[in-house]
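Engineer: This is protein.cif (mmCIF, C-alpha atoms).
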data_my_file
loop_
_atom_site.label_atom_id
_atom_site.label_comp_id
_atom_site.auth_asym_id
_atom_site.auth_seq_id
_atom_site.Cartn_x
_atom_site.Cartn_y
_atom_site.Cartn_z
CA MET A 1 160.01 25.84 4.41
CA GLY A 2 156.83 24.69 2.68
CA PHE A 3 156.36 23.14 -0.73
CA VAL A 4 154.63 26.15 -2.27
CA ASP A 5 156.83 29.07 -3.37
CA PHE A 6 154.39 31.97 -3.51
CA LYS A 7 156.97 34.01 -5.40
CA GLU A 8 156.12 32.00 -8.50
CA ILE A 9 153.20 34.40 -8.87
CA PRO A 10 154.50 37.83 -9.97
CA THR A 11 154.17 40.79 -7.68
CA ALA A 12 150.91 42.71 -7.90
CA LYS A 13 152.79 46.02 -7.86
CA GLY A 14 154.42 48.03 -10.62
CA GLY A 15 152.21 47.25 -13.61
CA GLN A 16 154.37 44.35 -14.77
CA GLU A 17 153.19 41.29 -16.65
CA GLY A 18 151.27 38.98 -14.38
CA GLN A 19 150.30 41.69 -11.92
CA ASP A 20 146.75 40.32 -11.77
CA ASP A 21 147.80 36.70 -11.22
CA TRP A 22 147.37 36.70 -7.44
CA ALA A 23 143.79 37.92 -7.78
CA LEU A 24 143.18 35.39 -10.57
CA PHE A 25 144.66 32.64 -8.43
CA THR A 26 142.32 33.63 -5.60
CA ARG A 27 139.32 33.48 -7.92
CA GLU A 28 140.27 30.08 -9.31
CA PHE A 29 141.02 28.79 -5.81
CA PHE A 30 137.49 29.47 -4.58
CA ALA A 31 135.87 28.45 -7.87
CA ALA A 32 137.58 25.04 -7.58
CA LEU A 33 136.01 24.71 -4.13
CA HIS A 34 132.59 25.14 -5.76
CA ILE A 35 132.06 28.62 -4.35
CA ASP A 36 130.31 31.10 -6.66
CA VAL A 37 132.40 34.12 -7.70
CA GLU A 38 129.95 36.99 -8.19
CA GLU A 39 132.34 39.89 -8.87
CA GLY A 40 136.02 40.46 -9.65
CA PRO A 41 138.80 40.53 -10.13
CA ASP A 42 139.06 43.61 -12.33
CA ARG A 43 141.29 46.60 -12.97
CA GLY A 44 140.70 50.11 -11.64
CA PRO A 45 139.07 51.33 -8.41
CA ASP A 46 137.40 48.39 -6.70
CA SER A 47 135.73 50.36 -3.90
CA GLY A 48 137.37 48.13 -1.34
CA ARG A 49 136.82 44.65 -2.73
CA ASP A 50 138.86 42.33 -4.93
CA LEU A 51 136.25 39.58 -5.11
CA LEU A 52 132.72 38.92 -3.96
CA ILE A 53 132.02 35.22 -3.49
CA THR A 54 128.94 33.36 -2.31
CA GLU A 55 129.02 30.12 -0.37
CA THR A 56 125.98 27.85 -0.33
CA ARG A 57 125.51 26.18 3.01
CA LYS A 58 123.34 23.12 3.51
CA GLY A 59 122.35 21.69 6.86
CA ILE A 60 119.87 19.40 8.52
CA PHE A 61 117.58 22.25 9.53
CA GLY A 62 117.86 24.34 6.40
CA SER A 63 120.22 25.94 3.93
CA GLY A 64 121.33 29.41 2.93
CA ARG A 65 123.81 31.53 1.01
CA HIS A 66 126.68 33.36 2.69
CA LYS A 67 128.36 36.27 0.89
CA TRP A 68 132.03 37.06 1.50
CA LEU A 69 134.07 40.14 0.61
CA VAL A 70 137.55 38.93 -0.38
CA SER A 71 140.69 41.05 -0.15
CA CYS A 72 143.79 39.74 -2.00
CA LYS A 73 147.22 40.91 -0.82
CA HIS A 74 150.47 39.55 -2.29
CA TYR A 75 153.59 40.56 -0.34
CA ALA A 76 155.58 37.35 -0.81
CA HIS A 77 158.28 39.04 -2.91
CA SER A 78 159.12 41.49 -0.13
CA SER A 79 158.38 39.00 2.68
CA LYS A 80 156.69 41.84 4.56
CA ALA A 81 153.59 41.28 6.63
CA VAL A 82 150.35 42.76 5.28
CA PRO A 83 150.16 46.23 6.88
CA ASN A 84 147.08 47.51 8.66
CA GLY A 85 146.82 50.40 6.20
CA GLU A 86 146.08 47.98 3.37
CA GLU A 87 142.74 47.06 4.95
CA PRO A 88 140.94 50.34 5.80
CA ASP A 89 137.40 50.27 7.25
CA ILE A 90 136.78 46.55 6.93
CA LEU A 91 133.34 46.75 8.56
CA GLY A 92 132.25 49.60 6.28
CA ARG A 93 133.38 47.75 3.15
CA VAL A 94 131.58 44.55 4.16
CA ARG A 95 128.35 46.46 4.80
CA LYS A 96 128.67 48.46 1.56
CA PHE A 97 128.62 45.27 -0.48
CA GLN A 98 125.97 43.69 1.76
CA ALA A 99 128.32 40.85 2.56
CA ASP A 100 128.15 38.58 5.58
CA GLY A 101 131.84 38.31 6.22
CA PHE A 102 135.42 39.19 5.26
CA ILE A 103 138.15 36.93 3.83
CA GLY A 104 141.76 38.04 3.69
CA PHE A 105 143.69 36.01 1.13
CA TYR A 106 147.35 36.78 1.86
CA SER A 107 150.69 35.41 0.67
CA THR A 108 152.29 36.63 3.91
CA ILE A 109 150.91 36.85 7.43
CA PRO A 110 149.03 39.94 8.66
CA SER A 111 151.01 42.47 10.70
CA SER A 112 150.33 42.48 14.44
CA GLU A 113 148.36 45.72 14.07
CA LEU A 114 146.20 44.27 11.27
CA ALA A 115 145.71 41.10 13.31
CA ARG A 116 144.28 43.22 16.15
CA THR A 117 141.99 45.03 13.70
CA LEU A 118 140.70 41.75 12.30
CA LYS A 119 140.13 40.38 15.80
CA SER A 120 138.05 43.42 16.74
CA CYS A 121 135.87 42.91 13.64
CA LYS A 122 135.02 39.33 14.63
CA SER A 123 132.47 40.52 17.17
CA GLN A 124 130.35 41.93 14.34
CA ILE A 125 131.14 39.90 11.20
CA ASN A 126 132.66 36.58 10.22
CA VAL A 127 136.38 36.87 9.46
CA ILE A 128 138.59 34.23 7.83
CA ILE A 129 142.27 34.72 6.99
CA TYR A 130 143.91 32.50 4.39
CA ASP A 131 147.57 32.93 5.28
CA PRO A 132 150.37 31.06 3.42
CA ALA A 133 150.13 27.99 5.66
CA LEU A 134 146.37 27.61 5.21
CA ILE A 135 146.56 28.19 1.45
CA GLU A 136 149.33 25.59 1.13
CA ARG A 137 147.44 23.08 3.28
CA ASN A 138 144.48 23.34 0.93
CA LEU A 139 146.63 23.07 -2.21
CA LEU A 140 148.40 19.96 -0.94
CA ASN A 141 145.44 18.14 0.58
CA ASN A 142 142.37 19.00 -1.50
CA PRO A 143 142.22 17.06 -4.82
CA ASP A 144 139.82 19.68 -6.24
CA LEU A 145 142.71 22.17 -6.19
CA ASN A 146 145.26 20.04 -8.08
CA GLY A 147 144.65 21.86 -11.36
CA VAL A 148 144.90 25.28 -9.72
CA PHE A 149 148.09 24.26 -7.92
CA GLU A 150 149.72 23.05 -11.16
CA ARG A 151 148.61 26.08 -13.19
CA PHE A 152 149.77 28.86 -10.85
CA PHE A 153 152.74 27.13 -9.16
CA PRO A 154 154.19 24.77 -11.81
CA GLN A 155 157.65 24.50 -10.22
CA SER A 156 156.31 23.94 -6.72
CA TYR A 157 153.78 21.43 -8.03
CA GLY A 158 156.50 19.49 -9.83
CA GLU A 159 158.71 19.33 -6.75
CA TYR A 160 155.78 18.28 -4.60
CA LYS A 161 154.85 15.46 -6.99
CA LYS A 162 158.44 14.21 -6.95
CA ALA A 163 158.53 14.20 -3.17
CA SER A 164 155.05 12.79 -2.74
CA LEU A 165 155.80 9.18 -1.96
CA VAL A 166 152.28 8.08 -1.07
CA PRO A 167 150.84 5.19 -3.12
CA HIS A 168 149.11 6.35 -6.29
CA GLU A 169 145.74 4.82 -6.98
CA ILE A 170 146.50 3.13 -10.31
CA SER A 171 143.43 0.96 -9.87
CA GLU A 172 140.14 1.60 -8.10
CA SER A 173 141.93 2.14 -4.80
CA ALA A 174 145.42 1.99 -3.33
CA VAL A 175 146.70 -1.49 -2.43
CA GLY A 176 148.79 -2.05 0.68
CA LEU A 177 151.82 -4.31 1.05
CA PHE A 178 151.56 -5.60 4.60
CA CYS A 179 154.41 -7.22 6.53
CA ASN A 180 153.83 -10.98 6.66
CA VAL A 181 154.78 -10.97 10.35
CA CYS A 182 153.48 -7.82 12.07
CA GLY A 183 151.02 -6.51 9.47
CA LYS A 184 152.57 -3.03 9.04
CA ASP A 185 152.00 -1.41 5.62
CA LEU A 186 155.48 -1.31 4.10
CA LEU A 187 154.42 1.12 1.37
CA ILE A 188 153.60 3.74 3.98
CA GLU A 189 156.89 3.08 5.77
CA ARG A 190 158.65 3.05 2.36
CA GLU A 191 161.15 0.47 3.52
CA GLY A 192 161.25 -3.28 4.10
CA ARG A 193 162.56 -6.50 2.63
CA ILE A 194 161.15 -8.50 -0.28
CA GLY A 195 162.33 -12.07 0.25
CA PHE A 196 162.52 -14.88 -2.31
CA ALA A 197 162.57 -18.56 -1.33
CA VAL A 198 164.48 -20.36 -4.10
CA GLU A 199 165.37 -23.97 -4.82
CA TYR A 200 168.16 -24.50 -7.36
CA THR A 201 168.65 -27.60 -9.47
CA ALA A 202 171.76 -29.67 -8.78
CA ASP A 203 173.50 -28.30 -11.87
CA GLY A 204 172.53 -24.70 -10.99
CA LYS A 205 170.89 -24.14 -14.36
CA LYS A 206 167.39 -23.49 -13.04
CA ALA A 207 166.04 -21.52 -10.10
CA HIS A 208 162.65 -22.65 -8.83
CA TYR A 209 160.99 -19.72 -7.01
CA VAL A 210 158.84 -21.48 -4.44
CA ASP A 211 157.51 -18.48 -2.49
CA ILE A 212 157.85 -14.72 -1.99
CA TYR A 213 157.42 -12.78 1.23
CA TRP A 214 157.65 -9.18 2.41
CA ALA A 215 158.55 -8.05 5.91
CA CYS A 216 159.92 -5.20 8.03
CA ILE A 217 163.70 -4.87 8.24
CA GLY A 218 165.09 -6.66 11.27
CA LYS A 219 163.16 -9.10 13.43
CA CYS A 220 160.26 -9.65 11.01
CA ASP A 221 162.54 -10.21 8.02
CA ARG A 222 164.73 -12.57 10.00
CA THR A 223 161.69 -14.56 11.18
CA MET A 224 160.63 -15.21 7.59
CA GLU A 225 164.16 -15.91 6.41
CA VAL A 226 164.78 -18.53 9.11
CA ALA A 227 161.42 -20.21 8.44
CA PHE A 228 162.29 -20.78 4.77
CA GLU A 229 165.89 -21.77 5.44
CA LYS A 230 164.65 -24.45 7.84
CA ARG A 231 162.66 -25.88 4.93
CA GLY A 232 165.86 -26.11 2.90
CA PHE A 233 165.35 -23.11 0.63
CA THR A 234 167.91 -20.50 -0.31
CA THR A 235 166.70 -16.95 0.34
CA SER A 236 167.57 -13.65 -1.30
CA TRP A 237 166.05 -10.22 -0.90
CA GLU A 238 165.47 -6.77 -2.43
CA GLY A 239 164.97 -3.55 -0.45
CA ILE A 240 161.67 -1.73 -0.94
CA GLU A 241 163.51 1.57 -0.44
CA ASP A 242 165.44 0.80 -3.64
CA LEU A 243 162.62 -0.85 -5.59
CA ILE A 244 160.48 2.30 -5.42
CA ILE A 245 163.13 4.17 -7.44
CA PRO A 246 161.74 4.10 -10.99
CA LEU A 247 164.93 3.03 -12.77
CA VAL A 248 165.72 0.33 -10.20
CA PHE A 249 162.15 -0.98 -10.45
CA MET A 250 162.41 -1.25 -14.24
CA GLN A 251 165.75 -3.06 -13.97
CA TRP A 252 164.22 -5.52 -11.50
CA VAL A 253 161.19 -6.26 -13.69
CA ILE A 254 163.25 -6.63 -16.86
CA THR A 255 165.76 -8.90 -15.11
CA PHE A 256 162.94 -11.24 -14.10
CA MET A 257 161.47 -11.11 -17.62
CA ASN A 258 164.83 -12.02 -19.16
CA SER A 259 165.33 -14.89 -16.70
CA LEU A 260 161.85 -16.24 -17.41
CA ARG A 261 162.45 -16.02 -21.15
CA SER A 262 165.77 -17.87 -20.88
CA GLY A 263 164.17 -20.57 -18.75
CA PHE A 264 166.49 -20.00 -15.81
CA ILE A 265 163.63 -19.01 -13.48
CA VAL A 266 160.55 -21.14 -12.88
CA PHE A 267 157.74 -19.85 -10.66
CA SER A 268 155.50 -22.01 -8.54
CA ASP A 269 151.83 -21.00 -8.79
CA GLU A 270 152.01 -19.38 -5.34
CA ALA A 271 155.22 -17.49 -6.10
CA TYR A 272 153.89 -16.22 -9.43
CA LYS A 273 150.68 -15.00 -7.80
CA LYS A 274 152.69 -13.12 -5.18
CA PHE A 275 155.08 -11.73 -7.81
CA ILE A 276 152.13 -10.13 -9.62
CA GLU A 277 150.73 -8.80 -6.33
CA LEU A 278 154.13 -7.40 -5.36
CA THR A 279 154.78 -5.77 -8.75
CA PHE A 280 151.40 -4.05 -8.74
CA ALA A 281 151.76 -2.82 -5.16
CA VAL A 282 155.26 -1.39 -5.60
CA ALA A 283 154.27 0.20 -8.94
CA GLN A 284 151.95 2.51 -7.00
CA LEU A 285 155.05 4.26 -5.64
CA VAL A 286 156.92 4.18 -8.95
CA VAL A 287 154.49 5.82 -11.38
CA ARG A 288 155.82 9.32 -10.77
CA GLU A 289 158.93 11.41 -11.44
CA THR A 290 162.27 10.62 -9.84
CA SER A 291 163.13 12.89 -6.90
CA ASP A 292 166.50 14.61 -6.52
CA GLU A 293 167.38 12.32 -3.60
CA GLU A 294 166.64 9.26 -5.73
CA MET A 295 168.80 10.59 -8.57
CA GLU A 296 171.70 10.71 -6.09
CA ARG A 297 170.96 7.12 -5.12
CA ILE A 298 170.93 6.11 -8.80
CA GLN A 299 174.39 7.63 -9.23
CA SER A 300 175.75 5.50 -6.39
CA LEU A 301 174.01 2.36 -7.69
CA ARG A 302 175.50 2.92 -11.16
CA GLU A 303 178.93 2.56 -9.61
CA MET A 304 178.06 -0.92 -8.34
CA PRO A 305 178.03 -3.99 -10.65
CA GLN A 306 174.69 -5.71 -11.10
CA ILE A 307 175.99 -8.90 -9.47
CA LEU A 308 176.38 -6.93 -6.21
CA GLY A 309 172.92 -5.39 -6.40
CA GLY A 310 173.81 -2.22 -8.29
CA LEU A 311 172.62 -0.94 -11.66
CA GLY A 312 175.90 -1.39 -13.51
CA GLU A 313 175.54 -0.75 -17.21
CA PHE A 314 171.74 -1.00 -16.97
CA GLY A 315 171.56 2.50 -15.51
CA ARG A 316 173.42 4.12 -18.39
CA PHE A 317 170.71 4.83 -20.93
#
Show me the file's structure as structure tokens.
Structural biologist:
Amino acid sequence: MGFVDFKEIPTAKGGQEGQDDWALFTREFFAALHIDVEEGPDRGPDSGRDLLITETRKGIFGSGRHKWLVSCKHYAHSSKAVPNGEEPDILGRVRKFQADGFIGFYSTIPSSELARTLKSCKSQINVIIYDPALIERNLLNNPDLNGVFERFFPQSYGEYKKASLVPHEISESAVGLFCNVCGKDLLIEREGRIGFAVEYTADGKKAHYVDIYWACIGKCDRTMEVAFEKRGFTTSWEGIEDLIIPLVFMQWVITFMNSLRSGFIVFSDEAYKKFIELTFAVAQLVVRETSDEEMERIQSLREMPQILGGLGEFGRF
């Protein structure tokens, strides 16, 4: 099951509201890819074309314009394959409009009979089929199509953004958070340990944060932990898999702010520098909506007191 629910666009049959939306989506899809839309969509007899688009090609040895006849078929609501009868005389239609090729833009796959027809046409004209998988791949991976994706599939777009746990570029470019032992990017893995090397005063009233490290769970984390413990420091840790949950991240930041304000925490220059680096890096995975899976995790963390690493009362606002 993909991210894009093509049923968000109303059926093109029956004269209901939104019946033209699939053709409009097709037009906006190609326009966003910087392809010129010469004709369509429109109501009434179309003489065998929904859209005429022109692609400008540039190469080392020259450039040119390539005209495509586009046929839009929206069968997602019935889940039926596009039947062969929906695409009569493809070669004749392409020649009538003096096009160079045919594009089928379909919300379901072509029927086996139509697939054979399209294959036979390829010996004479260029044929491209945008089936649901190819359309979705473009919507998810091409930044030029973000606006089109959000406009025509608002629910699918929202769910995709929630589930999209890749670092957001909140600065000029994404910043990695690399394991201090093996070098693996923990933000891509979306799990790991953030370790704090702390030295407490004899009366326990101040915590001097000497250093901060980040490492993979297991051998790498243990290597860093042992190294600091040998130097006489107490270590504690936070899990990246929890810190990337927006509410948990805010609790973590505010807790540090409160401790700094009260004077309980004192950062060394090195630890403070790494704290800023860490906060910025993790924020790249936080500046988004909370996914359904993370909401379930929040519910379980709310049942744990803060002293044990849960949210406690903090999560109830």
Engineer: Let me have the centre and edge lengths of the axis-aligned box enclosing all listed atoms of region 21-31 of chain A with 5 Å padding on every side, in Å to one decimal, as AutoDock Vina command-line options.
Structural biologist:
--center_x 141.8 --center_y 33.2 --center_z -7.9 --size_x 21.9 --size_y 19.5 --size_z 16.6
Engineer: Interatomic distance between CA of Trp22 (chain A) and CA of Ser123 (chain A)?
Structural biologist: 29.0 Å
Engineer: Selected by the PyMOL selection byres ((chain A and resi 95) around 12) in the shown coordinates: which residues, as a list in words?
Structural biologist: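 Answer for the PyMOL selection byres ((chain A and resi 95) around 12): Gly48, Arg49, Lys67, Trp68, Leu69, Asp89, Ile90, Leu91, Gly92, Arg93, Val94, Lys96, Phe97, Gln98, Ala99, Asp100, Gly101, Phe102, Gln124 and Ile125 of chain A.
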Engineer: Please report the interatomic distance between CA of Glu199 (chain A) and CA of Trp237 (chain A) in Å with one decimal.
Structural biologist: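 Between CA of Glu199 (chain A) and CA of Trp237 (chain A) the gap is 14.3 Å.
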Engineer: Leaving out region 249-256 of chain A and any residue of its chain fewer than 5 positions from it, which residues lie within 9 Å of it when counting only C-alpha atoms, given as an NGL selection string?
Structural biologist: :A and (242-244 or 261 or 265 or 279 or 282-283 or 286 or 311 or 314-315)
Engineer: Given the file shown, enumerate the residues that the PyMOL selection byres ((chain A and resi 9) around 9) captures and present them as a list in words.
Structural biologist: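 Evaluating the PyMOL selection byres ((chain A and resi 9) around 9) on these coordinates yields Asp5, Phe6, Lys7, Glu8, Pro10, Thr11, Ala12, Gly18, Gln19, Asp21, Trp22, Phe25, His74, Ala76, Phe152 and Phe153 of chain A.
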Engineer: Which distance in Å separates CA of Pro305 (chain A) and CA of Gly263 (chain A), to one decimal?
Structural biologist: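 According to the coordinates, CA of Pro305 (chain A) and CA of Gly263 (chain A) are separated by 23.1 Å.
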Engineer: From the options A:Leu187, A:Val4, A:Val181, A:Ile240, which residue's atoms come nearest to Cys220 (chain A), counting all atoms listed in the file?
Structural biologist: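 With all atoms listed in the file as the atom set, the closest residue is A:Val181.
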Engineer: On this structure, the PyMOL selection byres ((chain A and resi 147) around 12) would catch which residues? List them as a PDB file with C-alpha atoms, in the coordinates of the input, sorted by chain and number.
Structural biologist:
ATOM      1  CA  PHE A  25     144.660  32.640  -8.430  1.00  0.00           C
ATOM      2  CA  GLU A  28     140.270  30.080  -9.310  1.00  0.00           C
ATOM      3  CA  PHE A  29     141.020  28.790  -5.810  1.00  0.00           C
ATOM      4  CA  ALA A  31     135.870  28.450  -7.870  1.00  0.00           C
ATOM      5  CA  ALA A  32     137.580  25.040  -7.580  1.00  0.00           C
ATOM      6  CA  LEU A  33     136.010  24.710  -4.130  1.00  0.00           C
ATOM      7  CA  LEU A 139     146.630  23.070  -2.210  1.00  0.00           C
ATOM      8  CA  LEU A 140     148.400  19.960  -0.940  1.00  0.00           C
ATOM      9  CA  ASN A 142     142.370  19.000  -1.500  1.00  0.00           C
ATOM     10  CA  PRO A 143     142.220  17.060  -4.820  1.00  0.00           C
ATOM     11  CA  ASP A 144     139.820  19.680  -6.240  1.00  0.00           C
ATOM     12  CA  LEU A 145     142.710  22.170  -6.190  1.00  0.00           C
ATOM     13  CA  ASN A 146     145.260  20.040  -8.080  1.00  0.00           C
ATOM     14  CA  VAL A 148     144.900  25.280  -9.720  1.00  0.00           C
ATOM     15  CA  PHE A 149     148.090  24.260  -7.920  1.00  0.00           C
ATOM     16  CA  GLU A 150     149.720  23.050 -11.160  1.00  0.00           C
ATOM     17  CA  ARG A 151     148.610  26.080 -13.190  1.00  0.00           C
ATOM     18  CA  PHE A 152     149.770  28.860 -10.850  1.00  0.00           C
ATOM     19  CA  PHE A 153     152.740  27.130  -9.160  1.00  0.00           C
ATOM     20  CA  PRO A 154     154.190  24.770 -11.810  1.00  0.00           C
ATOM     21  CA  TYR A 157     153.780  21.430  -8.030  1.00  0.00           C
TER      22      TYR A 157
END
Engineer: Which residues come within 12 Å of Lys205 (chain A), counting all atoms listed in the file, excluding same-chain residues fewer than 3 positions away, as a VMD selection string?
Structural biologist: chain A and resid 199 to 202 208 259 262 to 266
Engineer: Give as a list of chain:residue names the set of residues within 9 Å of the point (147.4, 45.6, 11.4), where distances use the file's coordinates and all atoms listed in the file.
Structural biologist: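 Checking each residue against the 9 Å limit leaves A:Ala81, A:Val82, A:Pro83, A:Asn84, A:Gly85, A:Glu86, A:Glu87, A:Pro110, A:Ser111, A:Ser112, A:Glu113, A:Leu114, A:Ala115, A:Arg116, A:Thr117, A:Leu118.
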Engineer: I'd like the neighbourhood of Ala281 (chain A) as an NGL selection string, where a residue qualifies if any of its atoms comes within 7 Å (using all atoms listed in the file), though same-chain residues fewer than 2 positions away should be ignored.
Structural biologist: :A and (175-177 or 277-279 or 283-284)
Engineer: What would the file look like if the residues just selected were written as a PDB file, in the coordinates of the input with C-alpha atoms?
Structural biologist:
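Produced file result.pdb, reproduced below:
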ATOM      1  CA  VAL A 175     146.700  -1.490  -2.430  1.00  0.00           C
ATOM      2  CA  GLY A 176     148.790  -2.050   0.680  1.00  0.00           C
ATOM      3  CA  LEU A 177     151.820  -4.310   1.050  1.00  0.00           C
ATOM      4  CA  GLU A 277     150.730  -8.800  -6.330  1.00  0.00           C
ATOM      5  CA  LEU A 278     154.130  -7.400  -5.360  1.00  0.00           C
ATOM      6  CA  THR A 279     154.780  -5.770  -8.750  1.00  0.00           C
ATOM      7  CA  ALA A 283     154.270   0.200  -8.940  1.00  0.00           C
ATOM      8  CA  GLN A 284     151.950   2.510  -7.000  1.00  0.00           C
TER       9      GLN A 284
END
Engineer: Restricting the calculation to only C-alpha atoms: of A:Phe280, A:Val210, A:Ser268, A:Arg65, which residue gets closest to Ala174 (chain A)?
Structural biologist: A:Phe280
Engineer: For Val287 (chain A), which of A:Gly232, A:Pro246, A:Gly312, A:Gly64 is the closest residue, counting all atoms listed in the file?
Structural biologist: A:Pro246
Engineer: Ranking A:Leu285, A:Ile245, A:Cys72, A:Lys273 by minimum distance to Arg297 (chain A) and counting all atoms listed in the file, which one comes first?
Structural biologist: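 Of A:Leu285, A:Ile245, A:Cys72, A:Lys273, the one nearest Arg297 (chain A) is A:Ile245, counting all atoms listed in the file.
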Engineer: Using all atoms listed in the file, which protein or nucleic acid residues come within 10 Å of Asp131 (chain A)? Drop anything in the same chain fewer than 4 positions from it, and give the result as a PyMOL selection string.
Structural biologist: chain A and resi 104-110+135-136
Engineer: Would you mind writing region 7-29 of chain A with N, CA and C atoms, as a JSON list (two decimals), in the coordinates of the input?
Structural biologist:
[["chain", "number", "residue", "atom", "x", "y", "z"],
["A", 7, "LYS", "N", 156.32, 33.07, -4.50],
["A", 7, "LYS", "CA", 156.97, 34.01, -5.40],
["A", 7, "LYS", "C", 156.86, 33.59, -6.86],
["A", 8, "GLU", "N", 156.36, 32.40, -7.11],
["A", 8, "GLU", "CA", 156.12, 32.00, -8.50],
["A", 8, "GLU", "C", 155.06, 32.89, -9.15],
["A", 9, "ILE", "N", 154.18, 33.44, -8.35],
["A", 9, "ILE", "CA", 153.20, 34.40, -8.87],
["A", 9, "ILE", "C", 153.81, 35.78, -8.82],
["A", 10, "PRO", "N", 153.86, 36.51, -9.94],
["A", 10, "PRO", "CA", 154.50, 37.83, -9.97],
["A", 10, "PRO", "C", 153.88, 38.79, -8.96],
["A", 11, "THR", "N", 154.66, 39.78, -8.59],
["A", 11, "THR", "CA", 154.17, 40.79, -7.68],
["A", 11, "THR", "C", 152.98, 41.54, -8.29],
["A", 12, "ALA", "N", 152.08, 41.97, -7.43],
["A", 12, "ALA", "CA", 150.91, 42.71, -7.90],
["A", 12, "ALA", "C", 151.21, 44.19, -8.07],
["A", 13, "LYS", "N", 152.43, 44.61, -7.78],
["A", 13, "LYS", "CA", 152.79, 46.02, -7.86],
["A", 13, "LYS", "C", 153.56, 46.32, -9.14],
["A", 14, "GLY", "N", 153.53, 47.56, -9.57],
["A", 14, "GLY", "CA", 154.42, 48.03, -10.62],
["A", 14, "GLY", "C", 153.94, 47.86, -12.04],
["A", 15, "GLY", "N", 152.76, 47.35, -12.26],
["A", 15, "GLY", "CA", 152.21, 47.25, -13.61],
["A", 15, "GLY", "C", 152.91, 46.26, -14.51],
["A", 16, "GLN", "N", 153.66, 45.31, -13.94],
["A", 16, "GLN", "CA", 154.37, 44.35, -14.77],
["A", 16, "GLN", "C", 153.46, 43.22, -15.21],
["A", 17, "GLU", "N", 153.96, 42.42, -16.17],
["A", 17, "GLU", "CA", 153.19, 41.29, -16.65],
["A", 17, "GLU", "C", 152.89, 40.33, -15.51],
["A", 18, "GLY", "N", 151.66, 39.90, -15.44],
["A", 18, "GLY", "CA", 151.27, 38.98, -14.38],
["A", 18, "GLY", "C", 150.83, 39.65, -13.10],
["A", 19, "GLN", "N", 150.65, 40.97, -13.14],
["A", 19, "GLN", "CA", 150.30, 41.69, -11.92],
["A", 19, "GLN", "C", 148.92, 41.30, -11.37],
["A", 20, "ASP", "N", 148.09, 40.73, -12.22],
["A", 20, "ASP", "CA", 146.75, 40.32, -11.77],
["A", 20, "ASP", "C", 146.70, 38.85, -11.34],
["A", 21, "ASP", "N", 147.83, 38.14, -11.42],
["A", 21, "ASP", "CA", 147.80, 36.70, -11.22],
["A", 21, "ASP", "C", 147.40, 36.29, -9.82],
["A", 22, "TRP", "N", 147.77, 37.09, -8.80],
["A", 22, "TRP", "CA", 147.37, 36.70, -7.44],
["A", 22, "TRP", "C", 145.86, 36.76, -7.28],
["A", 23, "ALA", "N", 145.25, 37.81, -7.84],
["A", 23, "ALA", "CA", 143.79, 37.92, -7.78],
["A", 23, "ALA", "C", 143.13, 36.81, -8.61],
["A", 24, "LEU", "N", 143.73, 36.48, -9.75],
["A", 24, "LEU", "CA", 143.18, 35.39, -10.57],
["A", 24, "LEU", "C", 143.32, 34.05, -9.87],
["A", 25, "PHE", "N", 144.47, 33.86, -9.21],
["A", 25, "PHE", "CA", 144.66, 32.64, -8.43],
["A", 25, "PHE", "C", 143.60, 32.53, -7.34],
["A", 26, "THR", "N", 143.34, 33.63, -6.66],
["A", 26, "THR", "CA", 142.32, 33.63, -5.60],
["A", 26, "THR", "C", 140.96, 33.24, -6.16],
["A", 27, "ARG", "N", 140.61, 33.81, -7.30],
["A", 27, "ARG", "CA", 139.32, 33.48, -7.92],
["A", 27, "ARG", "C", 139.23, 32.00, -8.27],
["A", 28, "GLU", "N", 140.29, 31.47, -8.91],
["A", 28, "GLU", "CA", 140.27, 30.08, -9.31],
["A", 28, "GLU", "C", 140.31, 29.13, -8.10],
["A", 29, "PHE", "N", 140.97, 29.56, -7.04],
["A", 29, "PHE", "CA", 141.02, 28.79, -5.81],
["A", 29, "PHE", "C", 139.61, 28.55, -5.27]]
